[in-house]
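Engineer: Submitted below is the structure of interest, expressed as structure tokens.
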Amino acid sequence: MITVKGLEKKFGQLRVLRGVDFQIDRGEVAVVIGPSGCGKSTFLRCLNLLEDPTAGQIEIGERRLEFGSGTKVSDAQRATFRSKTGMVFQNFNLFPHMTVRENVMSGPYLNGRLNRTDAAARADRLLARVGLSERAEQMPGQISGGQAQRVAIARALALEPEVMLFDEPTSALDPELVGEVLDVMKVLAEEGTTMVVVTHEMSFARDVATKVVFMDEGRVGEMGPPDQVLDAPSSPRLQTFLSKVVH
Ligand code: ADP
Ligand code: MG
């Protein structure tokens, strides 16, 4: 489903991604862990082409892009590639001046894939799926953070992506709101959604992940099933990292 080879990203002199190799099959859930600043967000942003990688290769479905050696990604390539991935951010990033329903319908409506009526119908179906039918007419400022994140998930799903990317989706939430967002993500996983999730929720990693990826200094340090990576880490750096996170 996604194959990444030798992915590099530099910001000026700073080498943030230093040759990431990563692979995920359809229906898998990869949980990405690693110390702050190791490049987790940059990796997700490169998968979504919110950042242009400096070198390497990304394959999503049948599409493949190569980076570096002077080749530029065209706007058309970027649009096609981006439409295959749905992104959910730490801070929800809902449009504050639109209702909940308008937030969810905006993607397929604005890109011309659906007319207004069909986009609204799809939005209502997705809001029901994340348990927020009764909030459709409200503004983002009137709902809780947990609800806002569930709207953001519905909004990402509205474009029918092949892969959902989550960047610390619960880390901006009050603790009592974390569960409702993780529950929605668990259901998506059970339904077979391919997901890449950056999170420090170790119980989610244990229960839901098919593989756990430990990122360290811009590379994949370890990757494997949760019990292997979390319970029998082979590198001292992963052992140290795990001893510091609560699980
Ligand atoms: P993580 O999500 O693992 O905490 P990030 O991918 O956000 O790490 O950041 C990795 C490194 O890249 C950090 O040192 C960060 O300061 C740097 N970085 C991220 N985005 C940019 C940017 N747009 N410009 C310059 N440096 C950046
Ligand atoms: Mg980050």
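In the structure tokens, each chain is lettered A, B, ... as it comes, each chain's residues begin at 1, and ligands are numbered from 1 in order of appearance.
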Show me which residues line ligand 2, defined as having an atom within 8 Å of a ligand atom where only C-alpha atoms and all ligand atoms count, and present them as a list in words.

Structural biologist: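 Within the 8 Å cut-off, the matching residues are Ser36, Gly37, Gly39, Lys40, Ser41, Thr42, Asp167, Glu168 and Val198 of chain A.
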
Engineer: So which residues touch stretch 55-62 of chain A within 12 Å, counting only C-alpha atoms, skipping near sequence neighbours fewer than 4 positions away, as an MDAnalysis selection string?

Structural biologist: chainID A and resid 1:10 15:26 43:44 46:49 51 66:73 80:85 161:164 194

Engineer: Write the residues you've just listed into a file as a tab-separated table (two decimals), in the first residue's frame, and include N, CA and C atoms for each of them.

Structural biologist:
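Once written, selection_37.tsv looks like this:
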```
chain	number	residue	atom	x	y	z
A	1	MET	N	0.84	-1.22	0.00
A	1	MET	CA	0.00	0.00	0.00
A	1	MET	C	0.87	1.26	0.00
A	2	ILE	N	1.75	1.39	1.03
A	2	ILE	CA	2.74	2.47	1.01
A	2	ILE	C	4.12	1.83	1.12
A	3	THR	N	5.01	2.23	0.23
A	3	THR	CA	6.41	1.83	0.35
A	3	THR	C	7.26	3.10	0.27
A	4	VAL	N	8.10	3.27	1.26
A	4	VAL	CA	8.99	4.43	1.31
A	4	VAL	C	10.42	3.91	1.31
A	5	LYS	N	11.23	4.50	0.43
A	5	LYS	CA	12.63	4.04	0.38
A	5	LYS	C	13.58	5.24	0.44
A	6	GLY	N	14.49	5.17	1.36
A	6	GLY	CA	15.58	6.16	1.43
A	6	GLY	C	15.11	7.59	1.52
A	7	LEU	N	13.99	7.81	2.23
A	7	LEU	CA	13.42	9.16	2.26
A	7	LEU	C	14.27	10.11	3.10
A	8	GLU	N	14.63	11.24	2.46
A	8	GLU	CA	15.42	12.25	3.16
A	8	GLU	C	14.71	13.59	3.09
A	9	LYS	N	14.86	14.37	4.18
A	9	LYS	CA	14.34	15.74	4.17
A	9	LYS	C	15.31	16.64	4.93
A	10	LYS	N	15.73	17.69	4.26
A	10	LYS	CA	16.60	18.68	4.90
A	10	LYS	C	15.85	19.99	5.01
A	15	ARG	N	19.49	18.04	8.68
A	15	ARG	CA	19.02	16.79	8.06
A	15	ARG	C	18.03	16.12	9.00
A	16	VAL	N	16.75	16.29	8.72
A	16	VAL	CA	15.71	15.79	9.63
A	16	VAL	C	15.39	14.33	9.34
A	17	LEU	N	15.14	13.99	8.09
A	17	LEU	CA	14.96	12.58	7.71
A	17	LEU	C	16.23	12.12	7.00
A	18	ARG	N	16.78	11.02	7.46
A	18	ARG	CA	18.10	10.60	6.98
A	18	ARG	C	18.07	9.23	6.33
A	19	GLY	N	17.04	9.00	5.53
A	19	GLY	CA	16.96	7.70	4.86
A	19	GLY	C	15.95	6.80	5.56
A	20	VAL	N	14.67	7.19	5.46
A	20	VAL	CA	13.61	6.40	6.09
A	20	VAL	C	13.15	5.30	5.14
A	21	ASP	N	13.18	4.07	5.60
A	21	ASP	CA	12.61	2.93	4.85
A	21	ASP	C	11.42	2.43	5.65
A	22	PHE	N	10.28	2.31	4.95
A	22	PHE	CA	9.04	2.03	5.65
A	22	PHE	C	8.10	1.34	4.68
A	23	GLN	N	7.29	0.44	5.24
A	23	GLN	CA	6.34	-0.25	4.37
A	23	GLN	C	5.09	-0.61	5.16
A	24	ILE	N	3.94	-0.46	4.55
A	24	ILE	CA	2.69	-0.82	5.21
A	24	ILE	C	1.74	-1.39	4.17
A	25	ASP	N	1.09	-2.48	4.51
A	25	ASP	CA	0.15	-3.11	3.59
A	25	ASP	C	-1.26	-2.57	3.82
A	26	ARG	N	-2.13	-2.81	2.87
A	26	ARG	CA	-3.52	-2.39	2.98
A	26	ARG	C	-4.14	-2.98	4.25
A	43	PHE	N	7.96	13.23	8.73
A	43	PHE	CA	7.71	12.02	7.95
A	43	PHE	C	6.27	11.99	7.45
A	44	LEU	N	5.29	12.23	8.34
A	44	LEU	CA	3.89	12.23	7.91
A	44	LEU	C	3.64	13.33	6.89
A	46	CYS	N	5.70	14.57	4.81
A	46	CYS	CA	6.27	14.15	3.52
A	46	CYS	C	5.37	13.13	2.82
A	47	LEU	N	4.75	12.23	3.60
A	47	LEU	CA	3.83	11.25	2.98
A	47	LEU	C	2.66	11.95	2.32
A	48	ASN	N	2.25	13.07	2.90
A	48	ASN	CA	1.10	13.83	2.40
A	48	ASN	C	1.54	14.94	1.43
A	49	LEU	N	2.83	15.03	1.20
A	49	LEU	CA	3.44	16.09	0.37
A	49	LEU	C	3.11	17.49	0.86
A	51	GLU	N	5.23	18.60	2.79
A	51	GLU	CA	6.65	18.96	2.62
A	51	GLU	C	7.17	18.16	1.43
A	66	GLU	N	9.50	9.98	-7.20
A	66	GLU	CA	10.93	9.98	-6.86
A	66	GLU	C	11.33	11.42	-6.58
A	67	PHE	N	12.16	11.60	-5.58
A	67	PHE	CA	12.55	12.96	-5.21
A	67	PHE	C	14.06	13.12	-5.35
A	68	GLY	N	14.48	14.39	-5.47
A	68	GLY	CA	15.91	14.67	-5.55
A	68	GLY	C	16.37	14.73	-6.99
A	69	SER	N	17.63	14.89	-7.17
A	69	SER	CA	18.30	15.01	-8.48
A	69	SER	C	17.52	15.94	-9.42
A	70	GLY	N	17.12	17.08	-8.88
A	70	GLY	CA	16.55	18.14	-9.71
A	70	GLY	C	15.11	17.97	-10.15
A	71	THR	N	14.48	16.81	-9.90
A	71	THR	CA	13.11	16.63	-10.35
A	71	THR	C	12.14	17.37	-9.42
A	72	LYS	N	11.22	18.10	-10.03
A	72	LYS	CA	10.22	18.84	-9.26
A	72	LYS	C	8.90	18.08	-9.30
A	73	VAL	N	8.20	18.09	-8.18
A	73	VAL	CA	6.86	17.50	-8.15
A	73	VAL	C	5.89	18.51	-8.77
A	80	THR	N	-2.96	14.70	-6.90
A	80	THR	CA	-3.36	13.29	-6.98
A	80	THR	C	-2.86	12.54	-5.76
A	81	PHE	N	-1.61	12.78	-5.45
A	81	PHE	CA	-0.97	12.07	-4.35
A	81	PHE	C	-1.65	12.43	-3.03
A	82	ARG	N	-1.92	13.73	-2.89
A	82	ARG	CA	-2.49	14.17	-1.62
A	82	ARG	C	-3.90	13.64	-1.42
A	83	SER	N	-4.62	13.46	-2.53
A	83	SER	CA	-6.00	12.97	-2.41
A	83	SER	C	-6.03	11.53	-1.93
A	84	LYS	N	-4.91	10.85	-1.95
A	84	LYS	CA	-4.87	9.47	-1.47
A	84	LYS	C	-4.67	9.38	0.04
A	85	THR	N	-4.29	10.50	0.65
A	85	THR	CA	-4.02	10.48	2.09
A	85	THR	C	-4.91	11.49	2.80
A	161	PRO	N	-9.84	8.77	1.34
A	161	PRO	CA	-8.42	8.50	1.12
A	161	PRO	C	-8.12	7.01	1.23
A	162	GLU	N	-7.01	6.59	0.66
A	162	GLU	CA	-6.59	5.20	0.78
A	162	GLU	C	-5.86	4.96	2.10
A	163	VAL	N	-5.30	6.04	2.63
A	163	VAL	CA	-4.54	5.94	3.89
A	163	VAL	C	-4.89	7.12	4.77
A	164	MET	N	-5.09	6.86	6.06
A	164	MET	CA	-5.30	7.96	7.01
A	164	MET	C	-4.02	8.16	7.82
A	194	THR	N	-6.44	1.62	6.34
A	194	THR	CA	-4.98	1.67	6.45
A	194	THR	C	-4.60	2.96	7.17
```

Engineer: Please return, as a list in words, all residues of stretch 135-215 of chain A that DSSP assigns to strand (DSSP E or B) on the basis of the backbone.

Structural biologist: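 Here is the list: Val163, Met164, Leu165, Phe166, Asp167, Thr194, Met195, Val196, Val197, Val198, Lys211, Val212, Val213, Phe214 and Met215 of chain A.
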
Engineer: Write the residues you've just listed into a file as a short mmCIF file (atom, residue, chain, number, x, y, z; two decimals), in the first residue's frame, and include C-alpha atoms for each of them.

Structural biologist:
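File written: result-v7.cif
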```
data_model
loop_
_atom_site.label_atom_id
_atom_site.label_comp_id
_atom_site.auth_asym_id
_atom_site.auth_seq_id
_atom_site.Cartn_x
_atom_site.Cartn_y
_atom_site.Cartn_z
CA VAL A 163 -4.54 5.94 3.89
CA MET A 164 -5.30 7.96 7.01
CA LEU A 165 -2.40 9.77 8.68
CA PHE A 166 -2.72 10.89 12.31
CA ASP A 167 -0.16 13.20 13.93
CA THR A 194 -4.98 1.67 6.45
CA MET A 195 -3.54 4.03 9.06
CA VAL A 196 -0.23 5.58 10.08
CA VAL A 197 -0.54 7.01 13.59
CA VAL A 198 2.02 9.03 15.51
CA LYS A 211 3.33 -2.79 13.52
CA VAL A 212 5.17 -0.31 15.69
CA VAL A 213 7.83 1.90 14.17
CA PHE A 214 10.47 3.46 16.40
CA MET A 215 11.91 6.57 14.76
#
```

Engineer: Looking at only C-alpha atoms, which of A:Val32, A:Leu173, A:Leu94, A:Arg113 is the one that sits closest to A:Leu159?

Structural biologist: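 For A:Leu159, the nearest of the candidates is A:Arg113.
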
Engineer: Ranking A:Arg116, A:Arg129, A:Arg155, A:His200 by minimum distance to ligand 1 and counting only C-alpha atoms and all ligand atoms, which one comes first?

Structural biologist: A:His200

Engineer: Within 9 Å of A:Phe204, counting only C-alpha atoms, which residues qualify if same-chain residues fewer than 5 places away don't, as a list in words?

Structural biologist: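 Close residues of A:Phe204: Val31, Leu182, Lys186, Thr199 and Ala209 of chain A.
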
Engineer: Go ahead and save the picked residues with N, CA, C and O atoms, as a PDB file, in the first residue's frame.

Structural biologist:
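Okay, selection_24.pdb is ready:
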```pdb
ATOM      1  N   VAL A  31       1.868   2.268  14.092  1.00  0.00           N
ATOM      2  CA  VAL A  31       2.011   3.317  15.107  1.00  0.00           C
ATOM      3  C   VAL A  31       3.476   3.738  15.153  1.00  0.00           C
ATOM      4  O   VAL A  31       4.372   2.894  15.268  1.00  0.00           O
ATOM      5  N   LEU A 182      -9.780   7.918  20.489  1.00  0.00           N
ATOM      6  CA  LEU A 182      -9.143   6.615  20.248  1.00  0.00           C
ATOM      7  C   LEU A 182     -10.185   5.573  19.863  1.00  0.00           C
ATOM      8  O   LEU A 182      -9.927   4.705  19.027  1.00  0.00           O
ATOM      9  N   LYS A 186     -10.137   3.253  16.656  1.00  0.00           N
ATOM     10  CA  LYS A 186     -10.176   1.784  16.751  1.00  0.00           C
ATOM     11  C   LYS A 186     -11.201   1.207  15.794  1.00  0.00           C
ATOM     12  O   LYS A 186     -10.968   0.193  15.138  1.00  0.00           O
ATOM     13  N   THR A 199       1.695   8.528  17.851  1.00  0.00           N
ATOM     14  CA  THR A 199       1.030   8.688  19.149  1.00  0.00           C
ATOM     15  C   THR A 199       1.920   8.156  20.260  1.00  0.00           C
ATOM     16  O   THR A 199       2.811   7.338  20.033  1.00  0.00           O
ATOM     17  N   ALA A 209      -2.259  -1.566  16.811  1.00  0.00           N
ATOM     18  CA  ALA A 209      -1.204  -1.554  15.778  1.00  0.00           C
ATOM     19  C   ALA A 209      -0.927  -2.951  15.249  1.00  0.00           C
ATOM     20  O   ALA A 209      -0.928  -3.928  15.995  1.00  0.00           O
TER      21      ALA A 209
END
```

Engineer: Please identify the helix (DSSP H, G or I) residues within stretch 77-205 of chain A (assignment by DSSP from backbone atoms) and present them as JSON, numbers by chain.

Structural biologist: {"A": [77, 78, 79, 80, 81, 82, 83, 100, 101, 102, 103, 104, 105, 106, 107, 108, 109, 110, 116, 117, 118, 119, 120, 121, 122, 123, 124, 125, 126, 127, 128, 129, 133, 134, 135, 140, 141, 142, 145, 146, 147, 148, 149, 150, 151, 152, 153, 154, 155, 156, 157, 175, 176, 177, 178, 179, 180, 181, 182, 183, 184, 185, 186, 187, 188, 189, 190, 202, 203, 204, 205]}

Engineer: Write out, as a PDB file, in the first residue's frame, the residues just selected, with C-alpha atoms.

Structural biologist:
```pdb
ATOM      1  CA  GLN A  77       1.111  15.011  -9.110  1.00  0.00           C
ATOM      2  CA  ARG A  78       0.846  16.672  -5.735  1.00  0.00           C
ATOM      3  CA  ALA A  79      -2.944  16.914  -5.924  1.00  0.00           C
ATOM      4  CA  THR A  80      -3.363  13.287  -6.977  1.00  0.00           C
ATOM      5  CA  PHE A  81      -0.975  12.069  -4.347  1.00  0.00           C
ATOM      6  CA  ARG A  82      -2.490  14.174  -1.620  1.00  0.00           C
ATOM      7  CA  SER A  83      -5.995  12.974  -2.407  1.00  0.00           C
ATOM      8  CA  VAL A 100     -19.391  21.169  11.638  1.00  0.00           C
ATOM      9  CA  ARG A 101     -21.266  19.857   8.580  1.00  0.00           C
ATOM     10  CA  GLU A 102     -19.666  22.458   6.291  1.00  0.00           C
ATOM     11  CA  ASN A 103     -16.230  21.482   7.577  1.00  0.00           C
ATOM     12  CA  VAL A 104     -16.838  17.853   6.660  1.00  0.00           C
ATOM     13  CA  MET A 105     -18.439  18.563   3.264  1.00  0.00           C
ATOM     14  CA  SER A 106     -15.946  21.258   2.212  1.00  0.00           C
ATOM     15  CA  GLY A 107     -13.324  18.922   0.705  1.00  0.00           C
ATOM     16  CA  PRO A 108     -15.406  16.928  -1.789  1.00  0.00           C
ATOM     17  CA  TYR A 109     -17.576  19.973  -2.574  1.00  0.00           C
ATOM     18  CA  LEU A 110     -14.759  22.452  -3.166  1.00  0.00           C
ATOM     19  CA  ARG A 116     -23.591  20.442  -2.505  1.00  0.00           C
ATOM     20  CA  THR A 117     -26.445  18.048  -1.756  1.00  0.00           C
ATOM     21  CA  ASP A 118     -24.326  14.928  -2.136  1.00  0.00           C
ATOM     22  CA  ALA A 119     -21.444  16.437  -0.162  1.00  0.00           C
ATOM     23  CA  ALA A 120     -23.851  17.301   2.662  1.00  0.00           C
ATOM     24  CA  ALA A 121     -25.311  13.787   2.601  1.00  0.00           C
ATOM     25  CA  ARG A 122     -21.856  12.254   2.791  1.00  0.00           C
ATOM     26  CA  ALA A 123     -20.953  14.628   5.641  1.00  0.00           C
ATOM     27  CA  ASP A 124     -24.037  13.559   7.570  1.00  0.00           C
ATOM     28  CA  ARG A 125     -23.194   9.878   7.105  1.00  0.00           C
ATOM     29  CA  LEU A 126     -19.657  10.476   8.353  1.00  0.00           C
ATOM     30  CA  LEU A 127     -20.831  12.556  11.303  1.00  0.00           C
ATOM     31  CA  ALA A 128     -23.122   9.687  12.280  1.00  0.00           C
ATOM     32  CA  ARG A 129     -20.152   7.353  12.050  1.00  0.00           C
ATOM     33  CA  SER A 133     -24.998  13.785  14.103  1.00  0.00           C
ATOM     34  CA  GLU A 134     -26.539  16.160  16.601  1.00  0.00           C
ATOM     35  CA  ARG A 135     -23.631  18.635  16.272  1.00  0.00           C
ATOM     36  CA  PRO A 140     -16.234  24.433  15.977  1.00  0.00           C
ATOM     37  CA  GLY A 141     -15.984  26.896  18.888  1.00  0.00           C
ATOM     38  CA  GLN A 142     -19.116  25.399  20.450  1.00  0.00           C
ATOM     39  CA  GLY A 145     -11.777  19.225  21.755  1.00  0.00           C
ATOM     40  CA  GLY A 146     -12.648  15.545  21.557  1.00  0.00           C
ATOM     41  CA  GLN A 147     -15.661  16.324  19.393  1.00  0.00           C
ATOM     42  CA  ALA A 148     -13.582  18.690  17.231  1.00  0.00           C
ATOM     43  CA  GLN A 149     -11.041  15.952  16.620  1.00  0.00           C
ATOM     44  CA  ARG A 150     -13.798  13.523  15.645  1.00  0.00           C
ATOM     45  CA  VAL A 151     -15.070  16.148  13.162  1.00  0.00           C
ATOM     46  CA  ALA A 152     -11.526  16.463  11.808  1.00  0.00           C
ATOM     47  CA  ILE A 153     -11.440  12.680  11.317  1.00  0.00           C
ATOM     48  CA  ALA A 154     -14.785  12.795   9.482  1.00  0.00           C
ATOM     49  CA  ARG A 155     -13.483  15.639   7.333  1.00  0.00           C
ATOM     50  CA  ALA A 156     -10.400  13.634   6.356  1.00  0.00           C
ATOM     51  CA  LEU A 157     -12.558  10.580   5.566  1.00  0.00           C
ATOM     52  CA  PRO A 175      -7.270  13.370  29.453  1.00  0.00           C
ATOM     53  CA  GLU A 176     -10.981  12.629  29.787  1.00  0.00           C
ATOM     54  CA  LEU A 177     -11.504  13.348  26.065  1.00  0.00           C
ATOM     55  CA  VAL A 178      -8.751  11.083  24.757  1.00  0.00           C
ATOM     56  CA  GLY A 179     -10.809   7.874  24.894  1.00  0.00           C
ATOM     57  CA  GLU A 180     -13.605   9.007  22.572  1.00  0.00           C
ATOM     58  CA  VAL A 181     -11.096   9.862  19.833  1.00  0.00           C
ATOM     59  CA  LEU A 182      -9.143   6.615  20.248  1.00  0.00           C
ATOM     60  CA  ASP A 183     -12.443   4.702  20.135  1.00  0.00           C
ATOM     61  CA  VAL A 184     -13.291   6.228  16.750  1.00  0.00           C
ATOM     62  CA  MET A 185      -9.801   5.354  15.491  1.00  0.00           C
ATOM     63  CA  LYS A 186     -10.176   1.784  16.751  1.00  0.00           C
ATOM     64  CA  VAL A 187     -13.410   1.366  14.813  1.00  0.00           C
ATOM     65  CA  LEU A 188     -11.723   2.672  11.652  1.00  0.00           C
ATOM     66  CA  ALA A 189      -8.934   0.156  12.174  1.00  0.00           C
ATOM     67  CA  GLU A 190     -11.419  -2.681  12.693  1.00  0.00           C
ATOM     68  CA  MET A 202       0.967   2.866  24.244  1.00  0.00           C
ATOM     69  CA  SER A 203      -2.259   1.006  24.980  1.00  0.00           C
ATOM     70  CA  PHE A 204      -3.531   2.003  21.536  1.00  0.00           C
ATOM     71  CA  ALA A 205      -0.255   0.776  20.030  1.00  0.00           C
TER      72      ALA A 205
END
```

Engineer: Would you please work out which residue, of A:Gly112, A:Gly218, A:Gly86, A:Pro233, is nearest to ligand 1 when using only C-alpha atoms and all ligand atoms?

Structural biologist: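 For ligand 1, the nearest of the candidates is A:Gly218.
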
Engineer: Would you mind reading off the distance between atom CA of A:Thr210 and atom CA of A:Pro226, one decimal, in Å?

Structural biologist: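 Atom CA of A:Pro226 lies at a distance of 6.9 Å from atom CA of A:Thr210.
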